[in-house]
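Chemist: The structure is given below, and queries will be raised subsequently.
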2 protein chains.
Amino acid sequence: MSHIHELNGKKYVIEFLDDLYIQGWGLEEELYQGQSDFQKVDIVKTKYLGNMLLNDNLVMTSEKDEFCYHEMIAHVPLFTHPNPRKVLIIGGGDGGTAREVLRHKSVEKCVMVEIDPLVIEACREHLKITSCELDNERLELRVEDGIKYIAETNEVFDVVLIDSTDPIGPGAPLFGAEFYKNIKKHLSVQSIVVSQAENAWSHSENQKSLLSILSNDFKWVGLYNYSNITYPGGLWSFSWASDNLHPIKDFNSDKVKASELSFKYYNEGIHTASFQLPQFFYNQLQDFLKL
Amino acid sequence: MSHIHELNGKKYVIEFLDDLYIQGWGLEEELYQGQSDFQKVDIVKTKYLGNMLLNDNLVMTSEKDEFCYHEMIAHVPLFTHPNPRKVLIIGGGDGGTAREVLRHKSVEKCVMVEIDPLVIEACREHLKITSCELDNERLELRVEDGIKYIAETNEVFDVVLIDSTDPIGPGAPLFGAEFYKNIKKHLSVQSIVVSQAENAWSHSENQKSLLSILSNDFKWVGLYNYSNITYPGGLWSFSWASDNLHPIKDFNSDKVKASELSFKYYNEGIHTASFQLPQFFYNQLQDFLKL
């Protein structure tokens with residue numbers, strides 16, 4: 001199936017949630033089309049959100065609002081950890097998460113493991129806003145299976161970020177128990193793990209499953225939220241898990257000021273506010289949270 | 001233009017933001033079609049969100065997530081006010097805001113002024129989830145122009161809620177200076193005004209204009225946020241304005257517990273968190289906030 005459709009004589013890039021829901025963006029130009037071993041990879045230029053990456057016809061990120069996701073996956077754990085020096089990113093082929101991680105001066109090394117070379121190639125060419133730090137000398141960019149990497153590496157990390165697609169296709173094993181058991185073996189004494197965790201309206205079963213897996217291995221397990229305009233339905237989540245760092249209790253807002261970094265989404269107030277769940281969302285997940 | 005379109009051989013209710021962005025919901029059934037003096041009024045049954053109200057092809061509310069908007073417009077100001085007895089709602093024809101206001105036992109009288117009888121009729125018939133309290137004896141339901149009502153009434157209110165559509169069509173004057181000058185004349189000594197205030201991505205000029213108007217008349221002016229799945233792009237706002245009630249400093253979370261009300265979106269944590277603005281949003285509006 002194509003991701004381009006015509007409506008009222010105009011072309012739109014359209015994403016389908018079965019036959020329940022669609023969203024689409026006026027098309028300016030098709031910039032990249034590829035088929036990797038893992039998925040279909042497209043980049044389109046849209047009138048509203050600029051250049052946009054789609055994997056298997058699902059929108060991954062867009063130029064206009066990519067900062068929401070990338071700042072929130074990175075800065076919440078990195079400002080929770082007192083001194084993050086080694087960071088692992090699994091997935092994140094567009095490069096936006098690595099870009100935000102590398103803004104922290106304490107980070108000596110960031111390993112990023114992306115399975116799909118076509119995603120990296122497409123974003124290097126057409127999403128320079130996210131891929132601009134992929135050649136940073138503090139980044140070790142590995143094009144291989146993150147599941148295999150974490151099972152075999154000898155490295156140890158302070159912060160691990162699972163920057164995955166939805167739990168279908170190549171992203172599915174990144175929502176599994178085996179993967180997190182292996183991650184646990186490669187964490188330093190003080191450490192925190194953050195994962196892309198879908199949304200409360202259409203993926204509550206995925207959220208429960210992920211939190212339940214994390215609960216087996218970690219003392220504290222929770223979610224925090226952000227919103228952008230690319231992902232349908234407003235409120236999207238990241239999960240967090242740690243044995244010894246609590247992102248509210250151990251958060252020192254002075255560190256944010258001292259960093260002298262400027263942000264487009266993240267700030268000290270948003271850090272703390274993002275952990276507050278609307279009541280229906282809390283009710284759905286309360287048995288799966290360890291706070 | 002119709003709001004029903006066919007894609008891949010299936011019917012969808014589709015909302016257009018010019019030719020920039022669309023969102024649509026798989027159609028089950030068209031339930032109500034009307035044309036009032038003010039706008040086209042439709043109610044459709046969708047597979048994903050249940051029954052949905054559209055005015056002039058723009059989605060107003062849906063059964064699945066109406067609680068997000070209605071709880072947040074009502075409970076934030078009503079739990080800020082120490083003893084809200086008289087409440088005015090301008091607009092709000094679906095009845096959801098009145099339903100939430102009337103859950104507060106302190107409220108002796110709620111006046112609701114909706115300009116369009118067809119919206120009320122359609123919702124009484126097909127959106128019973130929101131219209132269920134329209135015959136409550138503490139509700140004075142007036143079908144007339146809210147602009148005219150506030151210019152002529154002798155009543156005085158503790159809480160005023162502007163539950164308007166977008167600032168086009170019949171909703172436009174509800175974003176104007178004259179309207180708020182008249183509201184100011186009908187406020188009790190301790191009082192707070194809350195208005196539907198669009199979103200930071202596509203309506204920042206409307207937000208600036210509204211805050212600027214409120215700033216002329218009130219000591220404190222700000223915004224708070226919520227998200228649902230019916231409105232595109234995640235983060236939507238309400239404005240608030242007051243001379244003597246501050247919804248963070250004067251908020252007493254014990255009152256929420258003491259009320260013994262149960263909520264689906266609102267809670268004490270969300271109350272406070274909703275005032276935290278993402279940085280780009282704060283940057284856009286900082287000159288217009290009075291906090």
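Naming scheme: A, B, ... for chains in displayed order of the structure tokens; residues 1 onward per chain; ligands 1 onward as shown.
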Can you tell me which residues surround segment 155-163 of chain B at a distance of at most 8 Å, considering only C-alpha atoms, apart from same-chain residues fewer than 5 positions away, and format the answer as a PyMOL selection string?

Modeler: chain B and resi 73-74+77-78+81+84-92+97+174+186-196

Chemist: I need the residues from that last selection saved to file as a PDB file, in the first residue's frame (with C-alpha atoms), if you can.

Modeler:
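The resulting file, result.pdb, is shown below:
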ATOM      1  CA  ILE B  73     -12.281  23.646  31.783  1.00  0.00           C
ATOM      2  CA  ALA B  74     -14.410  23.186  34.915  1.00  0.00           C
ATOM      3  CA  PRO B  77     -11.108  27.065  38.264  1.00  0.00           C
ATOM      4  CA  LEU B  78     -13.758  25.497  40.508  1.00  0.00           C
ATOM      5  CA  HIS B  81     -12.157  29.257  43.977  1.00  0.00           C
ATOM      6  CA  PRO B  84     -17.907  28.824  43.892  1.00  0.00           C
ATOM      7  CA  ARG B  85     -21.647  29.448  44.175  1.00  0.00           C
ATOM      8  CA  LYS B  86     -22.581  31.108  40.897  1.00  0.00           C
ATOM      9  CA  VAL B  87     -21.076  29.985  37.599  1.00  0.00           C
ATOM     10  CA  LEU B  88     -21.599  31.329  34.061  1.00  0.00           C
ATOM     11  CA  ILE B  89     -20.909  29.238  30.955  1.00  0.00           C
ATOM     12  CA  ILE B  90     -20.878  31.014  27.589  1.00  0.00           C
ATOM     13  CA  GLY B  91     -21.277  28.456  24.780  1.00  0.00           C
ATOM     14  CA  GLY B  92     -20.910  24.814  25.766  1.00  0.00           C
ATOM     15  CA  THR B  97     -19.077  21.706  30.891  1.00  0.00           C
ATOM     16  CA  LEU B 174     -15.947  35.512  22.151  1.00  0.00           C
ATOM     17  CA  HIS B 186     -20.172  40.828  36.298  1.00  0.00           C
ATOM     18  CA  LEU B 187     -17.572  39.224  38.504  1.00  0.00           C
ATOM     19  CA  SER B 188     -17.888  38.802  42.258  1.00  0.00           C
ATOM     20  CA  VAL B 189     -15.135  39.979  44.620  1.00  0.00           C
ATOM     21  CA  GLN B 190     -13.283  36.673  44.393  1.00  0.00           C
ATOM     22  CA  SER B 191     -13.546  35.353  40.857  1.00  0.00           C
ATOM     23  CA  ILE B 192     -11.776  33.672  37.962  1.00  0.00           C
ATOM     24  CA  VAL B 193     -12.427  33.540  34.200  1.00  0.00           C
ATOM     25  CA  VAL B 194     -11.358  30.569  32.049  1.00  0.00           C
ATOM     26  CA  SER B 195     -11.600  30.391  28.240  1.00  0.00           C
ATOM     27  CA  GLN B 196     -11.028  27.813  25.509  1.00  0.00           C
TER      28      GLN B 196
END

Chemist: For Asn228 of chain B, find every residue with an atom within 7 Å (counting only C-alpha atoms), except residues of its own chain fewer than 6 positions away, and show them as number ranges by chain.

Modeler: A: 233-234; B: 65, 68, 234

Chemist: Could you list, as a count of residues only, every residue within 9 Å of Arg124 of chain A, counting only C-alpha atoms and ignoring same-chain residues fewer than 4 positions away?

Modeler: 9

Chemist: Env of Lys255 of chain A: 12 Å cut, atoms = only C-alpha atoms, seq-sep filter 5 positions within chain, self excluded. Answer as a JSON list (two decimals) with C-alpha atoms, in the first residue's frame.

Modeler:
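Below is the file that was written, selection01.json:
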[["chain", "number", "residue", "atom", "x", "y", "z"],
["A", 75, "HIS", "CA", 17.19, 15.27, 28.94],
["A", 76, "VAL", "CA", 14.84, 13.76, 31.53],
["A", 78, "LEU", "CA", 20.44, 12.80, 31.60],
["A", 79, "PHE", "CA", 19.47, 15.52, 34.08],
["A", 80, "THR", "CA", 18.39, 12.84, 36.56],
["A", 81, "HIS", "CA", 21.77, 11.10, 36.50],
["A", 82, "PRO", "CA", 24.37, 13.04, 38.55],
["A", 83, "ASN", "CA", 27.18, 12.48, 36.04],
["A", 104, "HIS", "CA", 25.70, 17.09, 27.66],
["A", 106, "SER", "CA", 29.67, 15.04, 30.83],
["A", 250, "ASP", "CA", 16.88, 12.85, 42.47],
["A", 260, "GLU", "CA", 23.65, 26.63, 30.04],
["A", 261, "LEU", "CA", 21.85, 24.55, 27.41],
["A", 267, "ASN", "CA", 12.64, 22.82, 30.96],
["A", 268, "GLU", "CA", 12.75, 22.32, 34.74]]

Chemist: List every residue of chain B that has an atom at most 7 Å from any atom of chain A, giving for each one its closest atom pair and the distance in Å to one decimal, counting only C-alpha atoms, sorted by chain and then by ascending residue number, as CSV.

Modeler:
residue,atom,partner,partner_atom,distance
B:Asp19,CA,A:Gly26,CA,5.7
B:Leu20,CA,A:Gly26,CA,4.8
B:Tyr21,CA,A:Trp25,CA,4.5
B:Ile22,CA,A:Gly24,CA,5.1
B:Gln23,CA,A:Gln23,CA,4.3
B:Gly24,CA,A:Ile22,CA,5.1
B:Trp25,CA,A:Tyr21,CA,4.5
B:Gly26,CA,A:Leu20,CA,4.8
B:Lys47,CA,A:Leu20,CA,5.8
B:Tyr48,CA,A:Leu20,CA,5.3
B:Ser227,CA,A:Gly234,CA,5.5
B:Asn228,CA,A:Gly234,CA,6.0
B:Ile229,CA,A:Gly233,CA,3.9
B:Thr230,CA,A:Gly233,CA,7.0
B:Pro232,CA,A:Gly233,CA,7.0
B:Gly233,CA,A:Ile229,CA,3.9
B:Gly234,CA,A:Gly234,CA,3.1
B:Leu235,CA,A:Gly234,CA,6.2
B:Phe263,CA,A:Gln279,CA,6.5
B:Lys264,CA,A:Phe280,CA,4.8
B:Tyr265,CA,A:Pro278,CA,4.6
B:Tyr266,CA,A:Gln279,CA,6.1
B:Asn267,CA,A:Gln279,CA,6.3
B:Gly269,CA,A:Gln276,CA,5.7
B:Ile270,CA,A:Gln276,CA,5.8
B:Ala273,CA,A:Ala273,CA,4.5
B:Gln276,CA,A:Gly269,CA,5.7
B:Leu277,CA,A:Ile270,CA,6.8
B:Pro278,CA,A:Tyr265,CA,4.6
B:Gln279,CA,A:Tyr265,CA,4.6
B:Phe280,CA,A:Lys264,CA,4.8

Chemist: So that I can see what lies close to Asp37 of chain A, please list as a list in words the residues with an atom at most 10 Å from it, counting only C-alpha atoms and leaving out residues fewer than 2 positions away in the same chain.

Modeler: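 Here the qualifying residues turn out to be Gln35, Gln39, Lys40, Ile115, Asp116, Pro117, Leu118 and Pro170 of chain A.
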
Chemist: Which residue gives the smallest distance to Arg142 of chain A among A:Cys123, A:Ala197, A:Ile248, A:Met112, with only C-alpha atoms counted?

Modeler: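 The closest residue to Arg142 of chain A is A:Met112.
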
Chemist: Which of these, A:Glu28, A:Val59, A:His70, A:Glu152, has the shortest distance to Thr165 of chain A once you count only C-alpha atoms?

Modeler: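 Using only C-alpha atoms, the shortest distance to Thr165 of chain A belongs to A:Val59.
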
Chemist: Taking only segment 71-281 of chain A into account, list the residues labelled strand (DSSP E or B) by DSSP (computed from the backbone), as a ChimeraX atom specification.

Modeler: /A:86-91,109-114,139-143,157-163,187-196,220-227,235-242

Chemist: Go ahead and save the residues from that selection, with C-alpha atoms, as a PDB file, in the first residue's frame.

Modeler:
ATOM      1  CA  LYS A  86      28.476   6.614  28.955  1.00  0.00           C
ATOM      2  CA  VAL A  87      25.147   6.470  27.119  1.00  0.00           C
ATOM      3  CA  LEU A  88      23.658   3.722  24.929  1.00  0.00           C
ATOM      4  CA  ILE A  89      20.960   4.401  22.343  1.00  0.00           C
ATOM      5  CA  ILE A  90      19.200   1.402  20.779  1.00  0.00           C
ATOM      6  CA  GLY A  91      17.471   2.473  17.556  1.00  0.00           C
ATOM      7  CA  LYS A 109      30.948   8.272  24.814  1.00  0.00           C
ATOM      8  CA  CYS A 110      27.568   7.583  23.256  1.00  0.00           C
ATOM      9  CA  VAL A 111      27.048   4.230  21.521  1.00  0.00           C
ATOM     10  CA  MET A 112      24.135   4.197  19.073  1.00  0.00           C
ATOM     11  CA  VAL A 113      23.000   0.859  17.635  1.00  0.00           C
ATOM     12  CA  GLU A 114      20.620   1.162  14.669  1.00  0.00           C
ATOM     13  CA  LEU A 139      29.493   8.942  19.003  1.00  0.00           C
ATOM     14  CA  GLU A 140      30.141   5.283  18.203  1.00  0.00           C
ATOM     15  CA  LEU A 141      27.587   4.555  15.473  1.00  0.00           C
ATOM     16  CA  ARG A 142      27.010   0.823  14.989  1.00  0.00           C
ATOM     17  CA  VAL A 143      24.756  -0.502  12.257  1.00  0.00           C
ATOM     18  CA  PHE A 157      26.379   2.349  30.579  1.00  0.00           C
ATOM     19  CA  ASP A 158      25.036   5.070  32.877  1.00  0.00           C
ATOM     20  CA  VAL A 159      21.996   5.841  30.733  1.00  0.00           C
ATOM     21  CA  VAL A 160      20.277   3.531  28.220  1.00  0.00           C
ATOM     22  CA  LEU A 161      17.697   4.963  25.802  1.00  0.00           C
ATOM     23  CA  ILE A 162      15.468   2.632  23.766  1.00  0.00           C
ATOM     24  CA  ASP A 163      14.473   4.833  20.848  1.00  0.00           C
ATOM     25  CA  LEU A 187      24.294  -0.912  33.672  1.00  0.00           C
ATOM     26  CA  SER A 188      26.713   0.985  35.893  1.00  0.00           C
ATOM     27  CA  VAL A 189      26.116   1.324  39.648  1.00  0.00           C
ATOM     28  CA  GLN A 190      24.010   4.475  39.200  1.00  0.00           C
ATOM     29  CA  SER A 191      21.929   4.136  36.060  1.00  0.00           C
ATOM     30  CA  ILE A 192      18.562   4.684  34.430  1.00  0.00           C
ATOM     31  CA  VAL A 193      16.818   3.136  31.402  1.00  0.00           C
ATOM     32  CA  VAL A 194      14.262   5.063  29.322  1.00  0.00           C
ATOM     33  CA  SER A 195      12.160   3.593  26.486  1.00  0.00           C
ATOM     34  CA  GLN A 196       9.700   4.863  23.880  1.00  0.00           C
ATOM     35  CA  TRP A 220      11.407   1.718  40.380  1.00  0.00           C
ATOM     36  CA  VAL A 221       9.341   1.724  37.177  1.00  0.00           C
ATOM     37  CA  GLY A 222       7.176   4.518  35.770  1.00  0.00           C
ATOM     38  CA  LEU A 223       6.107   6.612  32.815  1.00  0.00           C
ATOM     39  CA  TYR A 224       6.402  10.223  31.809  1.00  0.00           C
ATOM     40  CA  ASN A 225       4.600  12.066  29.028  1.00  0.00           C
ATOM     41  CA  TYR A 226       5.141  14.563  26.243  1.00  0.00           C
ATOM     42  CA  SER A 227       3.129  15.694  23.255  1.00  0.00           C
ATOM     43  CA  LEU A 235      -0.190  12.352  24.926  1.00  0.00           C
ATOM     44  CA  TRP A 236       2.732   9.975  24.284  1.00  0.00           C
ATOM     45  CA  SER A 237       4.886   8.276  26.868  1.00  0.00           C
ATOM     46  CA  PHE A 238       8.374   7.176  27.760  1.00  0.00           C
ATOM     47  CA  SER A 239       8.901   4.489  30.389  1.00  0.00           C
ATOM     48  CA  TRP A 240      11.711   4.781  32.923  1.00  0.00           C
ATOM     49  CA  ALA A 241      13.290   2.155  35.151  1.00  0.00           C
ATOM     50  CA  SER A 242      16.087   2.287  37.715  1.00  0.00           C
TER      51      SER A 242
END

Chemist: Which one of B:Ser62, B:Asn252, B:Ser204, B:Asn182 sits closest to Asp217 of chain B if you count only C-alpha atoms?

Modeler: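 Smallest distance to Asp217 of chain B is found for B:Asn182.
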
Chemist: Just asking: which residues within segment 252-290 of chain A are helix (DSSP H, G or I) according to DSSP, as a list in words?

Modeler: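 Residues of segment 252-290 of chain A classed as helix (DSSP H, G or I): Ser253, Asp254, Lys255, Val256, Lys257, Ala258, Ser259, Glu268, Gly269, Ile270, His271, Thr272, Ala273, Gln279, Phe280, Phe281, Tyr282, Asn283, Gln284, Leu285, Gln286, Asp287 and Phe288 of chain A.
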
Chemist: Produce a file of the selected residues containing N, CA and C atoms, as a short mmCIF file (atom, residue, chain, number, x, y, z; two decimals), in the first residue's frame.

Modeler:
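And here is the file that came out, result.cif:
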data_model
loop_
_atom_site.label_atom_id
_atom_site.label_comp_id
_atom_site.auth_asym_id
_atom_site.auth_seq_id
_atom_site.Cartn_x
_atom_site.Cartn_y
_atom_site.Cartn_z
N SER A 253 17.20 20.72 39.79
CA SER A 253 16.95 21.66 38.70
C SER A 253 18.12 22.64 38.51
N ASP A 254 18.95 22.80 39.54
CA ASP A 254 20.12 23.68 39.38
C ASP A 254 21.06 23.18 38.28
N LYS A 255 21.08 21.86 38.11
CA LYS A 255 21.94 21.29 37.06
C LYS A 255 21.50 21.75 35.67
N VAL A 256 20.20 21.93 35.49
CA VAL A 256 19.70 22.38 34.18
C VAL A 256 20.20 23.79 33.90
N LYS A 257 20.05 24.67 34.90
CA LYS A 257 20.54 26.04 34.73
C LYS A 257 22.06 26.05 34.50
N ALA A 258 22.78 25.27 35.31
CA ALA A 258 24.24 25.25 35.22
C ALA A 258 24.73 24.75 33.86
N SER A 259 23.93 23.93 33.20
CA SER A 259 24.37 23.37 31.91
C SER A 259 24.45 24.45 30.82
N GLU A 268 12.82 22.90 33.39
CA GLU A 268 12.75 22.32 34.74
C GLU A 268 11.30 22.01 35.13
N GLY A 269 10.40 22.90 34.76
CA GLY A 269 8.99 22.69 35.11
C GLY A 269 8.40 21.50 34.37
N ILE A 270 8.71 21.39 33.08
CA ILE A 270 8.21 20.27 32.27
C ILE A 270 8.78 18.94 32.78
N HIS A 271 10.03 18.95 33.22
CA HIS A 271 10.65 17.72 33.75
C HIS A 271 9.72 17.09 34.80
N THR A 272 9.36 17.86 35.79
CA THR A 272 8.55 17.33 36.90
C THR A 272 7.10 17.10 36.48
N ALA A 273 6.55 18.05 35.72
CA ALA A 273 5.13 17.95 35.32
C ALA A 273 4.88 16.72 34.45
N GLN A 279 -6.04 10.94 35.15
CA GLN A 279 -6.57 9.90 36.03
C GLN A 279 -6.88 8.58 35.31
N PHE A 280 -7.48 8.63 34.11
CA PHE A 280 -7.82 7.39 33.40
C PHE A 280 -6.56 6.59 33.07
N PHE A 281 -5.51 7.31 32.79
CA PHE A 281 -4.22 6.74 32.42
C PHE A 281 -3.59 6.08 33.66
N TYR A 282 -3.63 6.79 34.79
CA TYR A 282 -3.15 6.23 36.05
C TYR A 282 -3.96 4.99 36.43
N ASN A 283 -5.29 5.07 36.27
CA ASN A 283 -6.14 3.93 36.63
C ASN A 283 -5.79 2.69 35.80
N GLN A 284 -5.51 2.91 34.51
CA GLN A 284 -5.15 1.79 33.62
C GLN A 284 -3.87 1.10 34.07
N LEU A 285 -2.93 1.90 34.58
CA LEU A 285 -1.57 1.39 34.78
C LEU A 285 -1.14 1.24 36.23
N GLN A 286 -2.01 1.61 37.18
CA GLN A 286 -1.53 1.70 38.56
C GLN A 286 -0.95 0.39 39.09
N ASP A 287 -1.46 -0.75 38.62
CA ASP A 287 -0.94 -2.03 39.11
C ASP A 287 0.43 -2.35 38.51
N PHE A 288 0.85 -1.57 37.55
CA PHE A 288 2.09 -1.87 36.84
C PHE A 288 3.20 -0.87 37.16
#

Chemist: Find the distance between atom CA of Glu100 of chain B and atom CA of Lys249 of chain B and write it in Å to one decimal.

Modeler: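 For atom CA of Glu100 of chain B relative to atom CA of Lys249 of chain B, the distance reads 23.0 Å.
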
Chemist: What does the distance from atom CA of Glu125 of chain A to atom CA of Glu137 of chain A come to in Å, to one decimal?

Modeler: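 Separation of atom CA of Glu125 of chain A and atom CA of Glu137 of chain A: 19.6 Å.
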
Chemist: Name the residues in contact with Asn57 of chain B at a cut-off of 6 Å, using only C-alpha atoms, excluding same-chain residues fewer than 2 positions from it; report them as a list in words.

Modeler: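 My list of contacting residues is His3, Leu54 and Asn55 of chain B.
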